[in-house]
Structure formats: C-alpha cells, structure tokens
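Below is one structure, written out as structure tokens; comments come after it.
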Amino acid sequence: MPPPPPAAPPEPYGFGPGLPAEFPSQVIIDVTELCNLACTHCPHPAFKRSAHYGGRSLSVDLSAKAVSEVATAGRGHVQYVRFASDGEPLLHRALFAMLDDAVRRSGTFVSLTTNGTLLTEARVEALLATGVDLVDISIDAFSAETYARVRVRGNLDVTRTNVERLIRRARESGAPTRVAVSYIEQPGNLHETEDFRQYWQAAGAHSVAIRRLHSASGAVIHVADLMRRQAAGESRRPCVYPWERVVVTPRGTLAFCPSDWTNGSALADYETTTIAELWRSARYEALRRAHLTGDFANHAFCGQCPDWRETRWPGRGETYATLVQTLKETAA
C-alpha cells in the first residue's frame, strides 16, 4: 500500500519562475566514473566495488549533442550547463575540448566541478583558455589533518596550491572564469567551517559555499539512516529535481538525479532520443505525479531516497542555481 499523500504545501509545486516547462533549467554533464580520491562522504569507494561501476567516460559526441540542444531548444530556458561527475572530471582526456565546445556554442553559463587535486600549472592554463564561467572546487577541510581524513588519498597542500594558482592566474590573465570553493559540513569538519570560510575569502575566491550533507540518494547508508530518523513524522514534499534538471551520464543515458550511483534514475538512452523529447514525455510526467502525490509504487529509486529534505525549490534558500545567478549579476 502506498504511503498517504503529503499535506497540502503552502504554495503549489511545479513549473514556474526558474523552472521552465519547455526545457530543463539545469543540464548536468556527468563526464566520468573514474576518481582519484576516496572521500568519506562519497559513495565512490563502494560504487567502484559494485556491479554498477564500469570505469566509463562520456563520449564527446554525446556532450556535443547536449550542447547543441541547449543552444537550440534550450535557448533562453537553461540557466547553466554544469560539467560534474560521479568521479573526477579532470580524468576525462577530452574534458577541455568539451568545455570549450560548451562555452562557444551553448549560449549559457558553463561551470566545472572538480576536487582540484589535478589542477597543475598546465591544466590551469588549458582550463582558463576554454573561457569556462565557473570552476567550483570541492575541498571540505581547512586543516591538512581533516582533509586527509575526509578526502582520502588527497593532500591539502597540493590542492590549496592548485586552487590559489587558479585564482591568481584567472585574475592575471583577465579570463572570465570565477572560482568557487565548497565545503560539505559533516561531523568530521564542523569545527573548521569558519576558518575555511575566512581563509578562502581572503585568498580571493569569488564564492565560498557551505553545503549540506546528504546521503547521495541513499547510497551513503549511515547518512541515509540519520536523515530518515530526522524526517520521522514529517510529511514528505516533492523533490525539485524532476522539474529542474536532466543529467547526461557516462553510460550514455539521460537521468533526472545528479546523485544516482545505481542507474536508478535513468529514463532514456540518449543515443535514441533528445533532452527536449524526454522532458515533455509521459515518463517524466509520471515521475512528477509520483512526487506530487507521494505515491512511489512505480518509482522505487525516489521512494527510498531521504534527500528530499535537502533539495530546495526556487526562492527557498541558497543553491547552486542561486550561486550561478549571483555570479551572473556581479559580472554584468
């Protein structure tokens, strides 16, 4: 028996300002499953040992197809294209070519999310040459000791040097690229949040984002259990993702969830359809109805996910979208 529907929200959920019905406002291009770290808050270490992992990397052709759609059907609707990954994007050999293509042709804001460990001097120059609008570096620690515990296999001295070089060279070269650093608050680093914020503000980062810990759609078991306990007794509200975004995955599929490690949110083979067709399809509409009614009988991936509490609808708090909007406004 499905759970009872959620209580009536104070205002309707669905398409509206910032969430166009014509095309997703956010296109996430997930370029590779490969990663060089084993972060404690990330499912990648377990993912790499699972049957879901294949060491895949996205084809350049599918990245170009997504950019073409953004430039045509998505023009005026897409707020940004974000190159991110279930791994580390800089491990994709064609990343700079894909970024360059997106910057030149998409007609919208383009960002890259990376752990920063591979931002050598040569890669910094290649990255700035693409003209990418934003590089967002996930660091999650202020001290070397905490970094070593949280970002296993990483070295904070290396990462910090890399990011400071990127900030300096972006300023010296006059490149349009802005640099953000991010920090997922979690039990192992809570004592360093303010030190982190102050350090990177002084270092010249354009934004210092303090983000909320989530369970990666249930994949980080101990975090998922905690979130379910915290949500006990609450009426579930719809997750914003089905109205907001599409993810192009390294498998060559189109999915709706950026933290899906089990292929549970895949909706179509991108080789045989388009983002525009899928966005208006019966499958996406059925997913949205499930979130509005609270009936996940046919959507088990969403039904088991506790992260709905941490997704924010437009106008209800700081998100990556508000970060992008702020950077757009300050650049204007």
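FYI, nothing fancy with the structure tokens labels: chains A, B, ... in order, residues from 1 per chain, ligands from 1 as they appear.
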Each residue of range 183-262 of chain A lying at most 8 Å from range 142-163 of chain A should get a row with its shortest atom-to-atom pair and the distance in Å to one decimal, counting only C-alpha atoms; could you produce that, ordered by chain and increasing number, as a tab-separated table?
```
residue	atom	partner	partner_atom	distance
A:Gly188	CA	A:Thr146	CA	7.1
A:Asn189	CA	A:Thr146	CA	6.6
A:Glu192	CA	A:Phe142	CA	5.9
A:Thr193	CA	A:Phe142	CA	7.6
A:Asp195	CA	A:Phe142	CA	6.5
A:Phe196	CA	A:Phe142	CA	5.0
```
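Residues surrounding Tyr53 in chain A within 8 Å are Glu33, Phe47 and Lys48 of chain A [only C-alpha atoms; sequence separation below 5 positions excluded].
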Using only C-alpha atoms, find the one residue out of A:Thr311, A:Thr322, A:Ser68, A:Gln26 that sits nearest to Thr274 in chain A. A:Ser68
Close residues, His44 in chain A itself excluded, 9 Å, only C-alpha atoms, min 2 positions apart in chain, as a ChimeraX atom specification: /A:33-35,37-39,42,46-49,86-87,261
May I have the residues within 12 Å of Thr120 in chain A as a PyMOL selection string, using only C-alpha atoms and disregarding those fewer than 2 positions away in the same chain? chain A and resi 90+116-118+122-127+158-166+169
Residues of range 101-189 of chain A that have any atom at most 9 Å from an atom of range 212-232 of chain A: could you tabulate them with the shortest-distance atom pair and the distance in Å to one decimal, using only C-alpha atoms, ordered by chain and increasing number, as JSON lines?
```
{"residue": "A:Tyr183", "atom": "CA", "partner": "A:Arg212", "partner_atom": "CA", "distance": 8.5}
{"residue": "A:Ile184", "atom": "CA", "partner": "A:Arg212", "partner_atom": "CA", "distance": 5.7}
{"residue": "A:Glu185", "atom": "CA", "partner": "A:Arg212", "partner_atom": "CA", "distance": 5.9}
{"residue": "A:Gln186", "atom": "CA", "partner": "A:Leu213", "partner_atom": "CA", "distance": 6.2}
```
Write out as an MDAnalysis selection string which residues come within 10 Å of Ala84 in chain A when counting only C-alpha atoms, dropping same-chain ones fewer than 5 positions away. chainID A and resid 28:32 89:90 111:114 136 247 249 258
Would you please extract all alpha helix (DSSP H) residues from range 60-108 of chain A, as assigned by DSSP on the backbone, and give them as an NGL selection string? :A and (60-71 or 95-105)
Restricting to only C-alpha atoms, whichever of A:Arg283, A:Arg211, A:Arg309, A:Arg251 is closest to Ser138 in chain A is A:Arg211
